[in-house]
file data11.txt (compact mmCIF, C-alpha atoms)
# COMPACT_ATOMS: atom_id res chain seq x y z
CA MET A 27 -13.64 16.10 -3.90
CA TYR A 28 -17.41 16.25 -3.79
CA GLU A 29 -19.27 16.24 -0.49
CA PHE A 30 -20.30 12.95 1.08
CA GLU A 31 -21.75 11.64 4.28
CA TYR A 32 -19.37 9.85 6.63
CA ARG A 33 -20.36 6.76 8.61
CA ARG A 34 -18.22 4.77 10.99
CA PRO A 35 -19.62 1.32 11.80
CA ALA A 36 -18.36 -0.67 14.76
CA SER A 37 -18.97 -4.12 13.30
CA VAL A 38 -19.13 -5.94 9.96
CA PRO A 39 -22.93 -6.47 10.10
CA GLU A 40 -23.40 -2.77 10.86
CA ALA A 41 -21.16 -1.85 7.92
CA VAL A 42 -23.06 -4.17 5.59
CA GLU A 43 -26.33 -2.62 6.71
CA MET A 44 -25.03 0.89 6.06
CA LEU A 45 -23.86 -0.15 2.60
CA ARG A 46 -27.23 -1.75 1.86
CA ASP A 47 -29.15 1.26 3.15
CA ARG A 48 -27.91 3.65 0.53
CA GLU A 49 -27.23 2.88 -3.08
CA GLY A 50 -24.44 5.44 -3.42
CA ALA A 51 -22.56 4.14 -0.39
CA LYS A 52 -19.02 2.86 -0.67
CA ALA A 53 -16.73 1.16 1.83
CA LEU A 54 -13.52 2.97 2.77
CA ALA A 55 -10.59 0.72 3.73
CA GLY A 56 -7.11 2.31 3.60
CA GLY A 57 -8.25 4.84 1.04
CA MET A 58 -5.12 4.65 -1.08
CA SER A 59 -7.10 4.14 -4.28
CA LEU A 60 -10.56 5.37 -3.33
CA LEU A 61 -9.56 8.76 -1.87
CA SER A 62 -7.30 9.43 -4.86
CA ALA A 63 -10.15 8.53 -7.21
CA MET A 64 -12.51 10.80 -5.27
CA LYS A 65 -10.06 13.69 -5.42
CA LEU A 66 -9.89 13.24 -9.18
CA ARG A 67 -13.71 13.00 -9.19
CA LEU A 68 -13.50 9.59 -10.82
CA ALA A 69 -15.57 8.36 -7.88
CA SER A 70 -18.17 10.33 -5.97
CA PRO A 71 -19.95 8.16 -3.39
CA ASP A 72 -22.80 9.77 -1.45
CA VAL A 73 -21.80 7.93 1.68
CA LEU A 74 -18.42 6.64 2.85
CA VAL A 75 -18.57 3.75 5.27
CA ASP A 76 -15.22 3.80 7.08
CA LEU A 77 -14.12 0.27 8.02
CA GLY A 78 -11.13 1.62 9.97
CA ARG A 79 -12.60 1.17 13.43
CA ILE A 80 -14.11 -2.30 13.13
CA GLU A 81 -12.47 -4.61 15.64
CA GLY A 82 -11.18 -7.92 14.39
CA MET A 83 -10.94 -7.03 10.70
CA SER A 84 -7.17 -6.94 10.74
CA GLY A 85 -4.62 -9.43 11.91
CA ILE A 86 -2.64 -12.43 10.75
CA ARG A 87 -3.09 -16.00 11.96
CA LEU A 88 -1.51 -19.26 10.97
CA GLU A 89 -4.32 -21.82 10.85
CA GLY A 90 -3.06 -25.28 9.98
CA ALA A 91 -1.75 -25.17 6.42
CA GLU A 92 -3.20 -21.70 5.80
CA VAL A 93 -2.34 -18.14 6.63
CA ARG A 94 -5.48 -16.12 7.34
CA ILE A 95 -5.10 -12.39 6.89
CA GLY A 96 -7.85 -9.96 7.92
CA ALA A 97 -9.12 -7.69 5.16
CA MET A 98 -8.09 -4.49 6.96
CA THR A 99 -4.52 -5.68 7.54
CA ARG A 100 -2.13 -3.09 6.18
CA HIS A 101 0.57 -3.95 3.65
CA ALA A 102 3.25 -2.89 6.16
CA GLN A 103 1.86 -5.39 8.71
CA VAL A 104 1.98 -8.25 6.20
CA ALA A 105 5.50 -7.25 5.14
CA ALA A 106 6.73 -7.18 8.75
CA SER A 107 4.85 -10.28 9.94
CA ALA A 108 7.08 -13.05 11.25
CA GLU A 109 4.32 -15.64 10.55
CA VAL A 110 3.97 -14.62 6.91
CA GLY A 111 7.73 -14.29 6.53
CA LYS A 112 8.14 -17.87 7.70
CA ALA A 113 5.15 -19.54 6.03
CA ILE A 114 4.95 -17.61 2.74
CA PRO A 115 8.03 -15.38 2.39
CA ALA A 116 7.02 -14.45 -1.17
CA LEU A 117 3.83 -12.88 0.17
CA ALA A 118 5.68 -10.79 2.78
CA ASP A 119 8.13 -9.75 0.08
CA LEU A 120 5.30 -8.75 -2.28
CA ALA A 121 3.54 -6.72 0.43
CA GLY A 122 6.79 -4.97 1.32
CA ARG A 123 7.20 -3.72 -2.23
CA ILE A 124 3.69 -2.38 -2.89
CA GLY A 125 3.71 1.35 -3.60
CA ASP A 126 5.96 3.06 -1.09
CA ARG A 127 6.37 3.06 2.70
CA GLN A 128 3.66 5.62 3.35
CA VAL A 129 1.21 3.79 1.09
CA ARG A 130 2.02 0.47 2.79
CA ASN A 131 1.18 2.07 6.16
CA ARG A 132 -2.38 2.79 5.00
CA GLY A 133 -3.27 0.42 2.16
CA THR A 134 -5.05 -2.82 3.04
CA LEU A 135 -5.31 -6.32 1.58
CA GLY A 136 -9.10 -6.21 1.31
CA GLY A 137 -9.11 -2.75 -0.24
CA SER A 138 -6.62 -3.80 -2.89
CA LEU A 139 -8.59 -6.93 -3.82
CA ALA A 140 -11.99 -5.24 -3.86
CA ASN A 141 -10.59 -2.58 -6.18
CA SER A 142 -9.02 -5.15 -8.55
CA ASP A 143 -6.70 -2.62 -10.14
CA PRO A 144 -5.16 -4.31 -13.20
CA ALA A 145 -1.67 -3.36 -12.00
CA ALA A 146 -2.04 -4.16 -8.29
CA CYS A 147 0.35 -6.71 -6.76
CA TYR A 148 -1.89 -8.59 -4.32
CA PRO A 149 -4.20 -10.17 -6.94
CA ALA A 150 -1.16 -12.04 -8.32
CA ALA A 151 -0.50 -13.62 -4.93
CA VAL A 152 -4.15 -14.45 -4.34
CA LEU A 153 -4.52 -16.18 -7.72
CA GLY A 154 -1.02 -17.69 -7.66
CA LEU A 155 -1.51 -19.22 -4.22
CA ASP A 156 -5.10 -20.30 -4.94
CA ALA A 157 -6.31 -18.33 -1.93
CA ARG A 158 -9.92 -17.99 -0.85
CA ILE A 159 -11.61 -14.67 -0.25
CA GLU A 160 -13.97 -14.61 2.71
CA THR A 161 -16.78 -12.10 2.76
CA ASP A 162 -19.58 -11.27 5.15
CA ARG A 163 -21.73 -13.91 3.39
CA ARG A 164 -19.57 -16.53 1.63
CA SER A 165 -16.13 -17.77 0.62
CA ILE A 166 -14.97 -17.18 -2.95
CA ALA A 167 -12.18 -19.02 -4.78
CA ALA A 168 -9.53 -16.74 -6.30
CA GLU A 169 -10.32 -18.13 -9.73
CA ALA A 170 -13.93 -16.92 -9.48
CA PHE A 171 -13.19 -13.63 -7.75
CA PHE A 172 -11.38 -11.52 -10.34
CA ILE A 173 -13.73 -10.81 -13.23
CA ASP A 174 -12.40 -7.90 -15.26
CA LEU A 175 -10.92 -4.42 -15.09
CA PHE A 176 -11.88 -3.06 -11.63
CA GLU A 177 -14.55 -5.76 -11.49
CA THR A 178 -14.82 -8.60 -8.99
CA ALA A 179 -17.40 -11.20 -7.99
CA LEU A 180 -18.38 -9.06 -4.99
CA GLN A 181 -22.05 -8.17 -4.93
CA SER A 182 -23.16 -4.68 -4.12
CA GLY A 183 -22.55 -4.07 -0.42
CA GLU A 184 -20.61 -7.32 0.04
CA LEU A 185 -17.55 -6.90 2.25
CA ILE A 186 -14.31 -8.86 2.20
CA THR A 187 -13.51 -9.89 5.76
CA ALA A 188 -10.36 -12.00 5.30
CA VAL A 189 -8.25 -13.96 2.84
CA ARG A 190 -7.02 -17.51 3.39
CA PHE A 191 -3.69 -18.26 1.72
CA PRO A 192 -2.71 -21.93 1.55
CA VAL A 193 0.96 -22.31 2.45
CA PRO A 194 2.82 -23.35 -0.73
CA ARG A 195 5.93 -25.50 -0.99
CA SER A 196 7.64 -22.51 -2.51
CA ALA A 197 6.80 -19.25 -4.24
CA ALA A 198 8.33 -16.06 -5.58
CA TYR A 199 7.04 -12.77 -6.95
CA VAL A 200 8.97 -10.67 -9.43
CA LYS A 201 7.68 -7.36 -10.68
CA PHE A 202 8.84 -4.91 -13.26
CA HIS A 203 7.59 -1.75 -11.67
CA GLN A 204 6.62 1.47 -13.30
CA PRO A 205 8.88 3.88 -11.40
CA ALA A 206 6.51 6.87 -11.31
CA SER A 207 3.33 5.13 -10.16
CA ARG A 208 5.19 2.25 -8.44
CA PHE A 209 2.54 -0.09 -9.81
CA ALA A 210 3.51 -3.27 -11.63
CA LEU A 211 3.99 -2.78 -15.37
CA VAL A 212 4.04 -6.57 -15.20
CA GLY A 213 4.28 -8.74 -12.10
CA VAL A 214 4.54 -12.53 -12.08
CA PHE A 215 3.82 -14.75 -9.08
CA VAL A 216 5.06 -18.33 -9.38
CA ALA A 217 3.98 -20.87 -6.77
CA VAL A 218 4.42 -24.57 -6.25
CA THR A 219 1.41 -25.46 -4.12
CA GLY A 220 1.29 -27.91 -1.26
CA SER A 221 0.07 -30.59 -3.66
CA GLY A 222 2.86 -29.85 -6.14
CA GLU A 223 0.81 -27.93 -8.71
CA VAL A 224 2.68 -25.12 -10.46
CA ARG A 225 0.68 -21.88 -10.73
CA VAL A 226 1.78 -18.75 -12.53
CA ALA A 227 -0.32 -15.61 -11.98
CA VAL A 228 0.27 -12.44 -13.95
CA THR A 229 -0.73 -8.91 -12.97
CA GLY A 230 -0.23 -5.60 -14.77
CA ALA A 231 -0.24 -7.17 -18.23
CA GLY A 232 -3.94 -7.63 -18.91
CA PRO A 233 -7.18 -5.97 -17.83
CA VAL A 234 -7.33 -8.33 -14.86
CA VAL A 235 -4.96 -10.80 -13.19
CA PHE A 236 -4.72 -14.14 -15.07
CA ARG A 237 -2.85 -17.44 -15.08
CA ALA A 238 -0.21 -18.00 -17.76
CA ALA A 239 -1.18 -21.51 -18.92
CA SER A 240 1.73 -21.93 -21.35
CA ILE A 241 4.28 -21.21 -18.63
CA GLU A 242 2.48 -23.42 -16.12
CA SER A 243 2.55 -26.42 -18.46
CA ALA A 244 6.19 -25.78 -19.39
CA LEU A 245 7.09 -25.68 -15.70
CA ALA A 246 5.06 -28.79 -14.95
CA ARG A 247 7.23 -30.65 -17.49
CA GLU A 248 10.50 -29.15 -16.27
CA PHE A 249 10.77 -26.74 -13.34
CA SER A 250 13.60 -24.54 -14.56
CA ALA A 251 14.15 -20.89 -15.37
CA ALA A 252 14.98 -21.86 -18.95
CA ALA A 253 11.67 -23.68 -19.38
CA ALA A 254 9.71 -20.69 -18.06
CA GLY A 255 11.67 -18.26 -20.19
CA ALA A 256 11.16 -20.29 -23.37
CA ALA A 257 7.36 -20.46 -23.05
CA ALA A 258 5.46 -18.36 -25.57
CA VAL A 259 2.87 -15.88 -24.30
CA SER A 260 0.45 -14.24 -26.71
CA ALA A 261 0.07 -10.46 -26.68
CA GLN A 262 -3.58 -10.73 -27.61
CA GLY A 263 -5.82 -8.89 -25.16
CA LEU A 264 -2.91 -7.46 -23.16
CA ASN A 265 -2.67 -3.79 -22.17
CA SER A 266 -0.93 -1.16 -24.25
CA ASP A 267 -0.16 2.26 -22.84
CA MET A 268 2.52 4.94 -22.90
CA HIS A 269 4.76 2.79 -20.68
CA GLY A 270 4.75 -0.30 -22.87
CA ASP A 271 2.70 -1.96 -25.59
CA ALA A 272 1.08 -5.38 -25.48
CA ASP A 273 4.05 -7.07 -27.21
CA TYR A 274 6.42 -5.63 -24.63
CA ARG A 275 4.24 -6.86 -21.78
CA ALA A 276 3.88 -10.29 -23.40
CA HIS A 277 7.67 -10.46 -23.66
CA LEU A 278 8.10 -9.53 -20.01
CA ILE A 279 5.86 -12.32 -18.70
CA PRO A 280 8.17 -15.31 -19.40
CA VAL A 281 11.22 -13.18 -18.55
CA LEU A 282 9.85 -12.38 -15.08
CA ALA A 283 8.51 -15.91 -14.62
CA ALA A 284 12.02 -17.23 -15.31
CA ARG A 285 13.44 -14.86 -12.69
CA ALA A 286 10.85 -16.00 -10.15
CA VAL A 287 11.68 -19.66 -10.84
CA ALA A 288 15.39 -18.90 -10.50
CA GLN A 289 14.67 -17.30 -7.10
CA ILE A 290 12.74 -20.35 -5.96
CA LEU A 291 15.49 -22.76 -7.08
CA GLU A 292 18.20 -20.61 -5.53
CA ARG A 293 16.40 -20.59 -2.19
CA GLN A 294 16.11 -24.37 -2.31
CA GLY A 295 19.87 -24.49 -2.93
CA MET B 7 -22.88 17.57 7.93
CA ASN B 8 -19.83 18.45 9.98
CA VAL B 9 -18.26 15.82 12.18
CA PRO B 10 -16.61 16.60 15.53
CA ILE B 11 -13.14 15.15 15.84
CA SER B 12 -10.48 15.11 18.49
CA ILE B 13 -6.85 14.69 17.52
CA LYS B 14 -3.67 14.96 19.52
CA VAL B 15 -1.35 17.08 17.39
CA ASN B 16 2.27 17.36 18.51
CA GLY B 17 1.23 16.34 22.00
CA VAL B 18 -1.65 18.83 22.30
CA GLU B 19 -5.28 17.68 22.30
CA ARG B 20 -7.17 19.55 19.56
CA GLN B 21 -10.87 19.58 18.77
CA ALA B 22 -12.41 20.54 15.47
CA GLU B 23 -15.63 20.24 13.52
CA VAL B 24 -14.81 19.19 10.00
CA GLU B 25 -16.56 18.41 6.78
CA PRO B 26 -15.99 14.70 6.10
CA ARG B 27 -14.15 15.56 2.88
CA THR B 28 -11.52 17.63 4.72
CA LEU B 29 -8.10 16.12 4.18
CA LEU B 30 -5.77 15.70 7.12
CA ALA B 31 -3.28 17.99 5.33
CA SER B 32 -5.92 20.74 5.06
CA LEU B 33 -6.91 20.37 8.68
CA LEU B 34 -3.29 20.75 9.75
CA ARG B 35 -2.51 23.66 7.46
CA GLU B 36 -5.74 25.62 7.32
CA THR B 37 -7.54 24.91 10.59
CA LEU B 38 -4.58 24.41 12.89
CA CYS B 39 -2.26 26.77 10.96
CA LEU B 40 0.57 24.24 10.99
CA THR B 41 1.89 25.14 7.55
CA GLY B 42 5.13 23.20 7.89
CA THR B 43 3.34 20.24 6.32
CA HIS B 44 3.56 20.97 2.61
CA ILE B 45 1.27 19.89 -0.19
CA GLY B 46 3.17 19.10 -3.35
CA CYS B 47 1.46 16.87 -5.88
CA ASP B 48 -1.80 16.38 -3.95
CA THR B 49 -1.99 12.87 -5.46
CA ALA B 50 -0.03 10.76 -2.94
CA GLN B 51 3.06 10.60 -5.11
CA CYS B 52 5.52 13.17 -3.77
CA GLY B 53 5.37 12.68 0.01
CA CYS B 54 5.79 16.42 0.86
CA CYS B 55 2.75 16.12 3.14
CA THR B 56 4.12 13.19 5.15
CA VAL B 57 3.23 13.27 8.85
CA LEU B 58 3.20 10.57 11.52
CA VAL B 59 -0.16 9.16 12.57
CA ASP B 60 0.24 6.97 15.65
CA GLY B 61 3.88 6.61 14.66
CA ASP B 62 3.25 5.61 11.05
CA ALA B 63 4.42 7.83 8.19
CA VAL B 64 1.41 8.67 6.02
CA LYS B 65 0.66 11.07 3.22
CA SER B 66 -1.75 13.53 4.81
CA CYS B 67 -3.11 14.62 1.41
CA THR B 68 -4.64 11.16 1.01
CA MET B 69 -6.13 10.67 4.42
CA LEU B 70 -9.33 12.25 5.69
CA ALA B 71 -9.17 14.27 8.86
CA VAL B 72 -12.04 12.15 10.22
CA GLN B 73 -9.89 9.03 9.76
CA ALA B 74 -7.39 10.53 12.19
CA ASP B 75 -10.04 11.08 14.86
CA GLY B 76 -8.64 9.84 18.16
CA CYS B 77 -5.13 9.47 16.76
CA SER B 78 -1.87 11.11 17.70
CA VAL B 79 -0.36 13.13 14.86
CA THR B 80 3.20 14.45 14.69
CA THR B 81 4.12 17.12 12.17
CA ILE B 82 7.43 18.78 11.41
CA GLU B 83 6.55 21.47 14.00
CA GLY B 84 6.47 18.80 16.70
CA LEU B 85 10.03 17.52 16.31
CA ALA B 86 12.29 20.16 17.83
CA GLN B 87 12.43 20.59 21.60
CA GLY B 88 12.47 24.37 21.93
CA GLU B 89 15.65 25.55 20.26
CA GLU B 90 17.07 22.07 20.10
CA LEU B 91 16.61 20.38 16.74
CA HIS B 92 15.48 16.77 16.47
CA PRO B 93 18.43 14.50 15.52
CA VAL B 94 16.99 14.03 12.01
CA GLN B 95 16.59 17.79 11.55
CA LYS B 96 20.14 18.29 12.77
CA SER B 97 21.47 15.65 10.44
CA PHE B 98 19.67 17.21 7.45
CA HIS B 99 21.20 20.54 8.49
CA ASP B 100 24.69 19.09 8.92
CA CYS B 101 24.60 17.21 5.61
CA HIS B 102 22.97 20.12 3.76
CA ALA B 103 20.19 17.72 2.79
CA LEU B 104 18.04 20.28 1.05
CA GLN B 105 18.07 22.57 -1.92
CA CYS B 106 14.84 24.57 -2.33
CA GLY B 107 13.50 23.01 0.88
CA TYR B 108 9.95 22.39 -0.28
CA CYS B 109 10.12 18.60 0.11
CA THR B 110 12.16 18.78 3.34
CA PRO B 111 9.40 18.50 5.96
CA GLY B 112 8.09 15.40 4.22
CA PHE B 113 11.54 13.85 3.88
CA ILE B 114 12.31 14.53 7.52
CA MET B 115 9.05 13.03 8.81
CA SER B 116 9.52 10.03 6.53
CA SER B 117 13.13 9.62 7.72
CA VAL B 118 12.06 9.78 11.37
CA GLU B 119 9.82 6.74 10.86
CA LEU B 120 12.40 5.00 8.69
CA LEU B 121 15.09 5.26 11.37
CA GLU B 122 12.59 4.26 14.03
CA LYS B 123 11.43 1.09 12.29
CA TYR B 124 14.32 -0.22 10.22
CA ARG B 125 17.71 -1.61 11.11
CA ASP B 126 20.64 -2.72 8.92
CA LEU B 127 20.41 0.27 6.64
CA ASP B 128 22.73 0.73 3.72
CA GLU B 129 22.58 3.20 0.87
CA GLY B 130 20.51 0.99 -1.41
CA ARG B 131 18.01 0.18 1.30
CA VAL B 132 17.62 3.83 2.34
CA ARG B 133 17.01 4.88 -1.27
CA GLU B 134 14.41 2.15 -1.62
CA LEU B 135 12.68 3.08 1.63
CA LEU B 136 12.57 6.76 0.70
CA GLU B 137 10.81 5.95 -2.56
CA GLY B 138 7.63 7.65 -1.33
CA ASN B 139 9.31 11.06 -1.18
CA LEU B 140 10.32 13.01 -4.24
CA CYS B 141 12.81 15.88 -4.41
CA ARG B 142 12.25 17.83 -7.61
CA CYS B 143 15.67 19.51 -7.16
CA THR B 144 17.02 15.91 -7.28
CA GLY B 145 19.04 16.56 -4.15
CA TYR B 146 18.88 12.93 -3.08
CA ASN B 147 22.55 12.28 -2.33
CA ASN B 148 22.73 14.50 0.72
CA ILE B 149 19.31 13.37 1.95
CA VAL B 150 20.43 9.73 1.83
CA GLN B 151 23.67 10.77 3.51
CA ALA B 152 21.76 12.49 6.33
CA VAL B 153 19.83 9.30 7.04
CA LEU B 154 22.88 7.06 6.70
CA SER B 155 24.97 9.15 9.06
CA LEU B 156 22.31 8.81 11.75
CA ALA B 157 22.10 5.07 11.12
CA ALA B 158 25.88 4.83 11.44
CA GLU B 159 25.82 6.87 14.65
CA ARG B 160 23.20 4.52 16.04
CA GLY B 161 25.41 1.58 15.08
CA ARG B 162 28.27 3.04 17.13
CA THR B 163 26.28 3.61 20.29
call {"tool": "encode", "arguments": {"input": "data11.txt", "output": "structure tokens"}}
result
Amino acid sequence: MYEFEYRRPASVPEAVEMLRDREGAKALAGGMSLLSAMKLRLASPDVLVDLGRIEGMSGIRLEGAEVRIGAMTRHAQVAASAEVGKAIPALADLAGRIGDRQVRNRGTLGGSLANSDPAACYPAAVLGLDARIETDRRSIAAEAFFIDLFETALQSGELITAVRFPVPRSAAYVKFHQPASRFALVGVFVAVTGSGEVRVAVTGAGPVVFRAASIESALAREFSAAAAGAAAVSAQGLNSDMHGDADYRAHLIPVLAARAVAQILERQG
Amino acid sequence: MNVPISIKVNGVERQAEVEPRTLLASLLRETLCLTGTHIGCDTAQCGCCTVLVDGDAVKSCTMLAVQADGCSVTTIEGLAQGEELHPVQKSFHDCHALQCGYCTPGFIMSSVELLEKYRDLDEGRVRELLEGNLCRCTGYNNIVQAVLSLAAERGRT
């Protein structure tokens, strides 16, 4: 990788200042995407601002009807957390199946969201659970956060500090993973929120995570695997690559949604 | 500009001045001459370069040496006590859990963490948890066996 300058701030304001100071500066979280991109010379920041030593940026807290997870919390911590496992088991399950064990020991929630990889798992949970993304300057609704391929609502130098996940009545995440990259070819997160709204968020299929409106309305009428599976999803605008074309991905969406619904119903007995 | 770092490697405090872009794997292999940590794919897929950083299995080809500043790193060289193999090394030996041996240091370091952190292991679970390590000889059966036999031993004691 190309040379860069390394900075290690001790606090969020200090990090924000370092990022603002230099135009070519980039924040380093777990590095699972950024360092790989730098090695491939797809990214070449002049300055890396390492968030790894900032106190208080990681950790999990149950706050009323929400689970607040610090941006630097590693996937392995979320997967192993008793609080998350109890309040939102689907989220712990999702975190425990990102990448592989070594990746989960380094990768972070904030890093994943800021990167907005089209095939990342976390965006599906954030959109499916209607979470809010907290930054150093504001709070952003999931709906407004994910803009496009590798593009979010974050301004230049804006840092994610935590994510607030409302505890749902029930939820499940099913992914069809691409075995070589371990990313989601398609992943579907189905949630019934605290107020009873059914939300279906899809990752891997399009350029950015999105809600499957046809499946949501089918499930609002009848919450069954059959209803989810019978909903039609258009292939328009979906990704095509060597692993599967847009039609294939469109087909997978209701199939995986049906499996997620079946999981939810089975758990409810 | 070089950055001074201090890392405990296999129990020994080591100091180095590194370029920020130095990978942990390069520091271990080239500066500290600990060549037991292998680099396979160099893209965080194969897991040959797995080492423990503060007890967590990580791929050292996708971590900067400066990120490990102040941490405790264990490599394959740090497992055996003199002539006595670490239980995971011994189990790999007993089960003949290697073919060409290139991926072995990574598999062993990964298995050390796996056995440390996970209980209730069965074959399916072990295969799933070892997903981050690839054996191009496809010698997985004996590797899984080596881990399972240790898990079973633990269950008996």
call {"tool": "closest_residue", "arguments": {"input": "data11.txt", "among": "A:Ala251, A:Ala91, A:Met58, A:Ala106", "to": "A:Val129", "atoms": "only C-alpha atoms"}}
result
A:Met58
call {"tool": "closest_atom_pairs", "arguments": {"input": "data11.txt", "of": "chain B", "to": "chain A", "cutoff": "12 Å", "atoms": "all atoms listed in the file", "output": "CSV"}}
result
residue,atom,partner,partner_atom,distance
B:Met7,CA,A:Glu31,CA,7.1
B:Asn8,CA,A:Glu31,CA,9.1
B:Val9,CA,A:Tyr32,CA,8.2
B:Pro10,CA,A:Tyr32,CA,11.5
B:Val24,CA,A:Tyr32,CA,10.9
B:Glu25,CA,A:Glu29,CA,8.1
B:Pro26,CA,A:Tyr32,CA,5.9
B:Arg27,CA,A:Glu29,CA,6.2
B:Thr28,CA,A:Met27,CA,9.0
B:Leu29,CA,A:Leu61,CA,9.6
B:Leu30,CA,A:Leu61,CA,12.0
B:Cys47,CA,A:Ser62,CA,11.5
B:Asp48,CA,A:Lys65,CA,8.8
B:Thr49,CA,A:Ser62,CA,6.4
B:Ala50,CA,A:Ser62,CA,7.6
B:Gln51,CA,A:Ser207,CA,7.4
B:Cys52,CA,A:Ala206,CA,9.9
B:Gly53,CA,A:Gln128,CA,8.0
B:Cys54,CA,A:Gln128,CA,11.3
B:Cys55,CA,A:Gln128,CA,10.5
B:Thr56,CA,A:Gln128,CA,7.8
B:Val57,CA,A:Gln128,CA,9.4
B:Leu58,CA,A:Gln128,CA,9.6
B:Val59,CA,A:Asn131,CA,9.7
B:Asp60,CA,A:Asn131,CA,10.7
B:Gly61,CA,A:Asn131,CA,10.0
B:Asp62,CA,A:Asn131,CA,6.4
B:Ala63,CA,A:Gln128,CA,5.4
B:Val64,CA,A:Gln128,CA,4.6
B:Lys65,CA,A:Gln128,CA,6.2
B:Ser66,CA,A:Gln128,CA,9.7
B:Cys67,CA,A:Ser62,CA,9.2
B:Thr68,CA,A:Leu61,CA,6.2
B:Met69,CA,A:Gly57,CA,7.1
B:Leu70,CA,A:Leu61,CA,8.3
B:Ala71,CA,A:Tyr32,CA,11.3
B:Val72,CA,A:Tyr32,CA,8.5
B:Gln73,CA,A:Gly78,CA,7.5
B:Ala74,CA,A:Gly78,CA,9.9
B:Asp75,CA,A:Arg79,CA,10.3
B:Gly76,CA,A:Arg79,CA,10.6
B:Cys77,CA,A:Arg79,CA,11.7
B:Gly112,CA,A:Gln128,CA,10.8
B:Phe113,CA,A:Gln128,CA,11.4
B:Met115,CA,A:Gln128,CA,10.7
B:Ser116,CA,A:Gln128,CA,8.0
B:Ser117,CA,A:Arg127,CA,10.7
B:Glu119,CA,A:Arg127,CA,9.6
B:Leu120,CA,A:Arg127,CA,8.7
B:Lys123,CA,A:Ala106,CA,10.1
B:Tyr124,CA,A:Ala106,CA,10.4
B:Val132,CA,A:Arg127,CA,11.3
B:Arg133,CA,A:Asp126,CA,11.2
B:Glu134,CA,A:Asp126,CA,8.5
B:Leu135,CA,A:Arg127,CA,6.4
B:Leu136,CA,A:Arg127,CA,7.5
B:Glu137,CA,A:Asp126,CA,5.8
B:Gly138,CA,A:Asp126,CA,4.9
B:Asn139,CA,A:Asp126,CA,8.7
B:Leu140,CA,A:Ala206,CA,10.1
call {"tool": "write_last_selection", "arguments": {"input": "data11.txt", "atoms": "C-alpha atoms", "output": "CSV table (one decimal), keeping the file's coordinate frame"}}
result
chain,number,residue,atom,x,y,z
B,7,MET,CA,-22.9,17.6,7.9
B,8,ASN,CA,-19.8,18.4,10.0
B,9,VAL,CA,-18.3,15.8,12.2
B,10,PRO,CA,-16.6,16.6,15.5
B,24,VAL,CA,-14.8,19.2,10.0
B,25,GLU,CA,-16.6,18.4,6.8
B,26,PRO,CA,-16.0,14.7,6.1
B,27,ARG,CA,-14.2,15.6,2.9
B,28,THR,CA,-11.5,17.6,4.7
B,29,LEU,CA,-8.1,16.1,4.2
B,30,LEU,CA,-5.8,15.7,7.1
B,47,CYS,CA,1.5,16.9,-5.9
B,48,ASP,CA,-1.8,16.4,-4.0
B,49,THR,CA,-2.0,12.9,-5.5
B,50,ALA,CA,0.0,10.8,-2.9
B,51,GLN,CA,3.1,10.6,-5.1
B,52,CYS,CA,5.5,13.2,-3.8
B,53,GLY,CA,5.4,12.7,0.0
B,54,CYS,CA,5.8,16.4,0.9
B,55,CYS,CA,2.8,16.1,3.1
B,56,THR,CA,4.1,13.2,5.2
B,57,VAL,CA,3.2,13.3,8.8
B,58,LEU,CA,3.2,10.6,11.5
B,59,VAL,CA,-0.2,9.2,12.6
B,60,ASP,CA,0.2,7.0,15.6
B,61,GLY,CA,3.9,6.6,14.7
B,62,ASP,CA,3.2,5.6,11.0
B,63,ALA,CA,4.4,7.8,8.2
B,64,VAL,CA,1.4,8.7,6.0
B,65,LYS,CA,0.7,11.1,3.2
B,66,SER,CA,-1.8,13.5,4.8
B,67,CYS,CA,-3.1,14.6,1.4
B,68,THR,CA,-4.6,11.2,1.0
B,69,MET,CA,-6.1,10.7,4.4
B,70,LEU,CA,-9.3,12.2,5.7
B,71,ALA,CA,-9.2,14.3,8.9
B,72,VAL,CA,-12.0,12.2,10.2
B,73,GLN,CA,-9.9,9.0,9.8
B,74,ALA,CA,-7.4,10.5,12.2
B,75,ASP,CA,-10.0,11.1,14.9
B,76,GLY,CA,-8.6,9.8,18.2
B,77,CYS,CA,-5.1,9.5,16.8
B,112,GLY,CA,8.1,15.4,4.2
B,113,PHE,CA,11.5,13.8,3.9
B,115,MET,CA,9.0,13.0,8.8
B,116,SER,CA,9.5,10.0,6.5
B,117,SER,CA,13.1,9.6,7.7
B,119,GLU,CA,9.8,6.7,10.9
B,120,LEU,CA,12.4,5.0,8.7
B,123,LYS,CA,11.4,1.1,12.3
B,124,TYR,CA,14.3,-0.2,10.2
B,132,VAL,CA,17.6,3.8,2.3
B,133,ARG,CA,17.0,4.9,-1.3
B,134,GLU,CA,14.4,2.2,-1.6
B,135,LEU,CA,12.7,3.1,1.6
B,136,LEU,CA,12.6,6.8,0.7
B,137,GLU,CA,10.8,6.0,-2.6
B,138,GLY,CA,7.6,7.6,-1.3
B,139,ASN,CA,9.3,11.1,-1.2
B,140,LEU,CA,10.3,13.0,-4.2
call {"tool": "closest_residue", "arguments": {"input": "data11.txt", "among": "B:Leu121, B:Val15, B:Ile149, B:Cys101", "to": "B:Thr80", "atoms": "only C-alpha atoms"}}
result
B:Val15
call {"tool": "residues_around", "arguments": {"input": "data11.txt", "residues": "A:Ser260", "least_positions_apart": "5", "cutoff": "10 Å", "atoms": "all atoms listed in the file", "output": "PyMOL selection string"}}
result
chain A and resi 238+240+272-273+275-277+279
call {"tool": "atom_distance", "arguments": {"input": "data11.txt", "atom1": "atom CA of A:Ala170", "atom2": "atom CA of A:Ala151"}}
result
14.6 Å
